[in-house]
Structure formats: structure tokens, C-alpha cells
Amino acid sequence: MKSYFPGTVIERNGQDARSFLFSIFAVTKGLMLAQVREITGLDTPAIQNWINRGWVARPVEKRYSMDHLARIMIINMLRDVMKLDHISVLLTFINGRTEDASDNIVSESDLYCYLCSILDKVSFEEVLSEEEFFALVEKEISDYQEPWPGARRRLMDGIHVILIYYAASIIKKKADGLYSQVLETPPSVLGKGESECWNGGTA
């Protein structure tokens, strides 16, 4: 089964998120909108809407930085299961205002890399207890230096919410696939009793 970086249409091919991001920005000072679209699979109106609403900081001279891209990918990985304004509130809880990096507790790119690193080590087929989950997060962010007391806990809480919602998006996709497989089966391939159920019990 193909594996993609969350919030993108890019296959992982064994690469980790940090290598993925640095390979992109090692050869450019910033991405143009067309390149962001190509990576995320989003259309121009969606990205521009997020910027206009203040959910993503405005690009500098029409170029998107690594943090711009990471923010867009995080929103994209959650939008199937969260309202967009709720995603904005969640990301503001973690990092404050989009246009002011001075109140950030972590860079958007580091946040995205932490999320991907944790996802590499947890299977959402299994339900982790909250204690086990926080132990895993604590281990994965061991290199994090908090700018003020309490920032680490805020980061952990934010990551917890993001990943539980992301798990829900995975389950939703599986449920949607099962729905298509089971409930959209043409009646002609069903047995008599099944066909009657399909038609609401009518002959």
C-alpha cells in the first residue's frame, strides 16, 4: 500500500518528514503557489481562502517558506474531520497568531515533523491509553526546548488533539470505503433476502 506524507499527495518512499522538507527547501528560498498546490493537491482558492482568513500567514514576495508549507499541510491533514475554524483555534492554541512568530512555542515545520515522527511509531489500529500516548510524545519531542515554562505541556496537548483527529480521519476513510463496498453493491449481485433488504423489504 502506498504511503503519503500527511496533508500531501507525495509518496514517502521510506523518507522521513524532516528529510522531505529539507530536500525541497535546500534548492529554493521559497515555493511558488503552483508548487504548494502540486505538493498538497489543494487548489488555489482553498489556499488563498486560508490566507485571507488568517489561518496561514501571508507568503513573502509570493513565496511560501517551509513553515508556510508545514502549516498548510497540517490544516490539510485535518480538514476532513475538523471544521476549518476549529483547526485555526487549535493551531492558535499551540502557536498564537499566524502573522506574529514571536509568540510561537515551536516552528510550524518542527510541529509537522513531530507529528510525522509519532505517526511512524503508533498504529491507530490499536488504541493507546492516554498515559502511553503522552509517554510516546514525550520521547519524540525530547529535543524540544521550551521558550517559557508550560510550553512543553501545551505542545503535547496540541499534538494529542491533532493526532486523535487524524486517527479519526483514517477511520473515516476506511468507513467510507466500507460503505462503498457494502452499501453501493448493485442489487443484481445480492441474494433474494439481501435484495429485499436493499429495497426496504418491498417485493
# chains A, B, ... in the order shown; residues from 1 in each chain; ligands from 1
>>> select_by_dssp(residues="region 83-175 of chain A", states="helix (DSSP H, G or I)", output="PyMOL selection string")
chain A and resi 84-95+101-103+108-119+130-140+151-175
>>> closest_atom_pairs(of="region 5-68 of chain A", to="region 74-89 of chain A", cutoff="7 Å", atoms="only C-alpha atoms", output="Markdown table")
| residue | atom | partner | partner_atom | distance |
| --- | --- | --- | --- | --- |
| A:Pro6 | CA | A:Met77 | CA | 5.6 |
| A:Gly7 | CA | A:Met77 | CA | 4.1 |
| A:Trp55 | CA | A:Ser88 | CA | 5.7 |
>>> select_by_dssp(residues="region 15-175 of chain A", states="strand (DSSP E or B)", output="ChimeraX atom specification")
/A:31,60,63-64
>>> residues_around(residues="Glu146 (chain A)", least_positions_apart="4", cutoff="10 Å", atoms="only C-alpha atoms", output="list in words")
Ile105, Val106, Gly150, Ala151, Arg152, Arg153, Arg154 and Leu155 of chain A
>>> closest_residue(among="A:Ile47, A:Leu183, A:Met66, A:Leu111", to="Ala34 (chain A)", atoms="only C-alpha atoms")
A:Ile47
>>> atom_distance(atom1="CA of Phe25 (chain A)", atom2="CA of Ser65 (chain A)")
8.1 Å
>>> closest_atom_pairs(of="region 11-87 of chain A", to="region 119-141 of chain A", cutoff="12 Å", atoms="only C-alpha atoms", output="Markdown table")
| residue | atom | partner | partner_atom | distance |
| --- | --- | --- | --- | --- |
| A:Arg12 | CA | A:Asp120 | CA | 11.3 |
| A:Gly14 | CA | A:Asp120 | CA | 10.6 |
| A:Gln15 | CA | A:Asp120 | CA | 10.9 |
| A:Asp16 | CA | A:Asp120 | CA | 8.9 |
| A:Ala17 | CA | A:Asp120 | CA | 10.1 |
>>> write_last_selection(atoms="C-alpha atoms", output="short mmCIF file (atom, residue, chain, number, x, y, z; two decimals), in the first residue's frame")
data_model
loop_
_atom_site.label_atom_id
_atom_site.label_comp_id
_atom_site.auth_asym_id
_atom_site.auth_seq_id
_atom_site.Cartn_x
_atom_site.Cartn_y
_atom_site.Cartn_z
CA ARG A 12 7.01 8.78 1.26
CA GLY A 14 10.88 5.48 3.13
CA GLN A 15 11.76 9.15 3.63
CA ASP A 16 11.09 10.94 6.92
CA ALA A 17 9.33 14.29 7.11
#
>>> decode(residues="region 9-24 of chain A", atoms="all heavy atoms", output="tab-separated table (two decimals), in the first residue's frame")
chain	number	residue	atom	x	y	z
A	9	VAL	N	0.12	14.91	-1.41
A	9	VAL	CA	-0.08	13.82	-2.38
A	9	VAL	C	1.27	13.23	-2.77
A	9	VAL	O	1.41	12.62	-3.82
A	9	VAL	CB	-0.84	14.34	-3.62
A	9	VAL	CG1	-2.25	14.74	-3.27
A	9	VAL	CG2	-0.10	15.52	-4.28
A	10	ILE	N	2.25	13.39	-1.89
A	10	ILE	CA	3.62	12.94	-2.15
A	10	ILE	C	3.87	11.61	-1.45
A	10	ILE	O	3.69	11.48	-0.24
A	10	ILE	CB	4.65	13.98	-1.66
A	10	ILE	CG1	4.37	15.36	-2.28
A	10	ILE	CG2	6.07	13.51	-1.99
A	10	ILE	CD1	4.45	15.41	-3.78
A	11	GLU	N	4.30	10.61	-2.22
A	11	GLU	CA	4.64	9.31	-1.64
A	11	GLU	C	5.89	9.42	-0.77
A	11	GLU	O	6.83	10.15	-1.11
A	11	GLU	CB	4.87	8.28	-2.74
A	11	GLU	CG	3.60	7.85	-3.45
A	11	GLU	CD	3.87	6.70	-4.42
A	11	GLU	OE1	4.51	5.73	-4.00
A	11	GLU	OE2	3.45	6.81	-5.58
A	12	ARG	N	5.90	8.69	0.32
A	12	ARG	CA	7.01	8.78	1.26
A	12	ARG	C	8.25	8.04	0.78
A	12	ARG	O	9.36	8.53	0.93
A	12	ARG	CB	6.58	8.24	2.63
A	12	ARG	CG	5.47	9.06	3.27
A	12	ARG	CD	5.31	8.75	4.73
A	12	ARG	NE	6.52	9.07	5.47
A	12	ARG	CZ	6.59	9.09	6.79
A	12	ARG	NH1	5.54	8.78	7.52
A	12	ARG	NH2	7.72	9.39	7.40
A	13	ASN	N	8.07	6.85	0.26
A	13	ASN	CA	9.20	6.05	-0.24
A	13	ASN	C	10.31	5.92	0.80
A	13	ASN	O	11.50	6.03	0.49
A	13	ASN	CB	9.77	6.67	-1.52
A	13	ASN	CG	8.77	6.62	-2.67
A	13	ASN	OD1	8.05	5.65	-2.84
A	13	ASN	ND2	8.71	7.69	-3.46
A	14	GLY	N	9.91	5.70	2.06
A	14	GLY	CA	10.88	5.48	3.13
A	14	GLY	C	11.51	6.73	3.69
A	14	GLY	O	12.33	6.65	4.61
A	15	GLN	N	11.15	7.89	3.19
A	15	GLN	CA	11.76	9.15	3.63
A	15	GLN	C	11.02	9.69	4.86
A	15	GLN	O	9.81	9.55	4.97
A	15	GLN	CB	11.69	10.17	2.49
A	15	GLN	CG	12.54	11.40	2.69
A	15	GLN	CD	12.49	12.32	1.47
A	15	GLN	OE1	11.51	12.35	0.75
A	15	GLN	NE2	13.55	13.08	1.25
A	16	ASP	N	11.76	10.32	5.79
A	16	ASP	CA	11.09	10.94	6.92
A	16	ASP	C	10.72	12.38	6.59
A	16	ASP	O	11.19	12.94	5.59
A	16	ASP	CB	11.92	10.85	8.21
A	16	ASP	CG	13.23	11.61	8.13
A	16	ASP	OD1	13.29	12.69	7.51
A	16	ASP	OD2	14.23	11.13	8.71
A	17	ALA	N	9.87	12.97	7.41
A	17	ALA	CA	9.33	14.29	7.11
A	17	ALA	C	10.40	15.37	7.07
A	17	ALA	O	10.37	16.26	6.21
A	17	ALA	CB	8.25	14.66	8.14
A	18	ARG	N	11.34	15.30	7.98
A	18	ARG	CA	12.37	16.33	8.01
A	18	ARG	C	13.23	16.30	6.74
A	18	ARG	O	13.52	17.34	6.15
A	18	ARG	CB	13.26	16.17	9.26
A	18	ARG	CG	14.07	17.42	9.59
A	18	ARG	CD	14.69	17.31	10.98
A	18	ARG	NE	13.69	17.25	12.02
A	18	ARG	CZ	13.09	18.31	12.53
A	18	ARG	NH1	13.36	19.52	12.07
A	18	ARG	NH2	12.21	18.17	13.51
A	19	SER	N	13.60	15.10	6.32
A	19	SER	CA	14.37	14.97	5.08
A	19	SER	C	13.56	15.46	3.88
A	19	SER	O	14.08	16.11	2.98
A	19	SER	CB	14.79	13.51	4.86
A	19	SER	OG	15.61	13.07	5.90
A	20	PHE	N	12.27	15.14	3.90
A	20	PHE	CA	11.37	15.57	2.84
A	20	PHE	C	11.33	17.09	2.73
A	20	PHE	O	11.52	17.67	1.64
A	20	PHE	CB	9.97	15.02	3.12
A	20	PHE	CG	8.85	15.67	2.38
A	20	PHE	CD1	8.79	15.63	1.00
A	20	PHE	CD2	7.83	16.30	3.08
A	20	PHE	CE1	7.73	16.24	0.32
A	20	PHE	CE2	6.77	16.91	2.41
A	20	PHE	CZ	6.73	16.88	1.03
A	21	LEU	N	11.14	17.78	3.86
A	21	LEU	CA	11.05	19.23	3.84
A	21	LEU	C	12.39	19.87	3.45
A	21	LEU	O	12.43	20.80	2.63
A	21	LEU	CB	10.61	19.76	5.20
A	21	LEU	CG	9.14	19.55	5.57
A	21	LEU	CD1	8.87	19.99	7.01
A	21	LEU	CD2	8.23	20.31	4.62
A	22	PHE	N	13.47	19.36	4.02
A	22	PHE	CA	14.76	19.97	3.73
A	22	PHE	C	15.21	19.70	2.29
A	22	PHE	O	15.91	20.53	1.70
A	22	PHE	CB	15.82	19.50	4.73
A	22	PHE	CG	15.79	20.26	6.03
A	22	PHE	CD1	15.01	19.84	7.08
A	22	PHE	CD2	16.51	21.44	6.17
A	22	PHE	CE1	14.95	20.56	8.27
A	22	PHE	CE2	16.47	22.17	7.36
A	22	PHE	CZ	15.70	21.73	8.41
A	23	SER	N	14.78	18.58	1.73
A	23	SER	CA	15.13	18.32	0.32
A	23	SER	C	14.44	19.31	-0.61
A	23	SER	O	14.98	19.67	-1.65
A	23	SER	CB	14.75	16.89	-0.07
A	23	SER	OG	13.33	16.71	-0.05
A	24	ILE	N	13.25	19.76	-0.22
A	24	ILE	CA	12.52	20.74	-1.02
A	24	ILE	C	13.18	22.11	-0.92
A	24	ILE	O	13.45	22.77	-1.93
A	24	ILE	CB	11.06	20.86	-0.54
A	24	ILE	CG1	10.29	19.57	-0.82
A	24	ILE	CG2	10.36	22.04	-1.23
A	24	ILE	CD1	8.90	19.55	-0.22
